[in-house]
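Source file entry21.txt; content: compact mmCIF, C-alpha atoms.
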```txt
# COMPACT_ATOMS: atom_id res chain seq x y z
CA SER S 25 101.94 -38.40 -56.72
CA ASP S 26 103.29 -34.87 -56.66
CA ILE S 27 100.96 -31.89 -56.94
CA THR S 28 101.49 -29.79 -60.06
CA LEU S 29 101.35 -25.99 -60.28
CA GLU S 30 98.23 -26.34 -62.41
CA GLN S 31 96.54 -28.31 -59.63
CA LEU S 32 97.59 -25.74 -57.02
CA ASP S 33 96.04 -22.99 -59.14
CA GLN S 34 92.72 -24.84 -58.90
CA LEU S 35 92.64 -24.79 -55.07
CA THR S 36 90.64 -21.56 -54.97
CA TYR S 37 88.74 -22.34 -51.77
CA LEU S 38 91.95 -23.26 -49.93
CA GLU S 39 93.41 -19.88 -50.92
CA MET S 40 90.25 -18.14 -49.67
CA VAL S 41 90.50 -19.95 -46.31
CA ILE S 42 94.19 -19.05 -45.94
CA ASN S 43 93.53 -15.37 -46.76
CA GLU S 44 90.61 -15.21 -44.32
CA THR S 45 92.70 -16.88 -41.62
CA LEU S 46 95.38 -14.22 -42.09
CA ARG S 47 92.72 -11.49 -41.96
CA VAL S 48 91.19 -12.75 -38.70
CA CYS S 49 94.50 -13.81 -37.09
CA PRO S 50 97.20 -11.58 -38.62
CA VAL S 51 100.80 -12.65 -38.15
CA ALA S 52 101.72 -9.08 -37.23
CA PRO S 53 98.73 -7.33 -35.59
CA MET S 54 100.49 -3.97 -35.80
CA ILE S 55 103.25 -2.67 -38.06
CA PHE S 56 105.37 0.47 -37.90
CA ARG S 57 106.89 2.38 -40.81
CA ARG S 58 108.99 5.52 -41.06
CA VAL S 59 108.31 8.23 -43.65
CA SER S 60 111.56 8.05 -45.59
CA ASN S 61 111.85 10.06 -48.81
CA GLU S 62 109.77 13.23 -48.56
CA ASP S 63 107.02 14.84 -46.53
CA LEU S 64 103.57 13.50 -47.41
CA THR S 65 100.07 14.90 -47.25
CA LEU S 66 97.35 12.26 -47.07
CA SER S 67 94.00 12.59 -48.83
CA ASN S 68 92.39 13.67 -45.53
CA GLY S 69 94.87 16.55 -45.18
CA LEU S 70 97.03 14.91 -42.52
CA LYS S 71 100.70 15.82 -43.00
CA LEU S 72 103.49 13.34 -42.36
CA ALA S 73 107.07 14.58 -42.12
CA VAL S 74 110.21 12.71 -43.14
CA GLY S 75 111.39 10.62 -40.20
CA GLN S 76 107.97 10.41 -38.60
CA ILE S 77 106.91 6.93 -37.50
CA VAL S 78 103.50 5.71 -38.63
CA SER S 79 101.75 2.77 -36.99
CA ILE S 80 99.16 0.65 -38.79
CA ASP S 81 96.79 -1.37 -36.62
CA ILE S 82 96.30 -4.39 -38.87
CA PHE S 83 94.15 -6.18 -36.27
CA ARG S 84 91.62 -3.33 -36.15
CA LEU S 85 91.81 -2.64 -39.89
CA HIS S 86 90.93 -6.26 -40.63
CA ARG S 87 87.83 -5.95 -38.44
CA CYS S 88 86.62 -2.62 -39.82
CA LYS S 89 82.90 -2.92 -40.60
CA GLU S 90 83.19 -0.14 -43.20
CA ILE S 91 85.55 -2.37 -45.19
CA TRP S 92 84.43 -5.93 -44.34
CA GLY S 93 80.72 -5.36 -43.66
CA PRO S 94 78.57 -5.87 -40.55
CA ASN S 95 80.01 -9.33 -39.86
CA ALA S 96 83.64 -8.23 -39.93
CA ASN S 97 84.43 -10.23 -36.78
CA ASP S 98 83.18 -13.50 -38.27
CA PHE S 99 85.37 -16.00 -40.09
CA ASN S 100 84.03 -16.08 -43.65
CA PRO S 101 86.23 -17.27 -46.54
CA ASP S 102 83.66 -15.80 -48.94
CA ASN S 103 85.25 -12.42 -48.16
CA PHE S 104 87.86 -13.52 -50.70
CA LEU S 105 85.64 -14.80 -53.50
CA PRO S 106 87.36 -14.32 -56.86
CA ALA S 107 86.11 -11.27 -58.74
```

How does this structure look as structure tokens?
Amino acid sequence: SDITLEQLDQLTYLEMVINETLRVCPVAPMIFRRVSNEDLTLSNGLKLAVGQIVSIDIFRLHRCKEIWGPNANDFNPDNFLPA
């Protein structure tokens, strides 16, 4: 039989595994964005001018021990336990 939306909402562990898979193996390991509307000053004082290109290293960010803990390189779906 077909799966209902209600049944999909109950697949919590599957969602955790998918999210952890995307964390460990990101589809785009690096992304680039351009500052578009106005100059920005980040909380650390770094200034970004309109037109400047900013790169975000998703691969490294997703393995940051300060964010993900000492086992940041390990595959662990529990990283996405519901709050």

Atom pair CA of Gly69 in chain S + CA of Ile82 in chain S, distance 21.9 Å

CA of Cys88 in chain S sits from CA of Arg47 in chain S at a separation of 11.0 Å

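Across the model, the gap from CA of Cys49 in chain S to CA of Tyr37 in chain S is 17.9 Å.
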
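Between Val48 in chain S and the candidates S:Ser79, S:Gln34, S:Ser60, S:Asn97, the tightest atom-to-atom separation, counting only C-alpha atoms, involves S:Asn97.
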
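Comparing the minimum interatomic distances between Arg87 in chain S and each of S:Ile27, S:Leu46, S:Leu66, S:Met40, counting only C-alpha atoms, we find that S:Leu46 sits nearest.
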
Can you pull out every residue within 7 Å of Ala73 in chain S, counting all atoms listed in the file, but drop anything in the same chain fewer than 3 positions away, and send it as a PyMOL selection string? chain S and resi 59+63-64+76

Which polymer residues have any atom within 9 Å of an atom of Arg84 in chain S, counting all atoms listed in the file, with same-chain residues fewer than 4 positions away left out, as a ChimeraX atom specification? /S:53-54,80,88

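Counting all atoms listed in the file and comparing S:Phe83, S:Ile77, S:Leu72, S:Leu38, the residue that lies closest to Ala52 in chain S is S:Phe83.
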
Residue with the minimum atom-to-atom distance to Pro50 in chain S, picked from S:Thr65, S:Phe104, S:Ala96, S:His86 with all atoms listed in the file counted, is S:His86

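When all atoms listed in the file are used to compute distances to Ile42 in chain S, the closest of the residues S:Phe99, S:Asn61, S:Pro94, S:Thr28 turns out to be S:Phe99.
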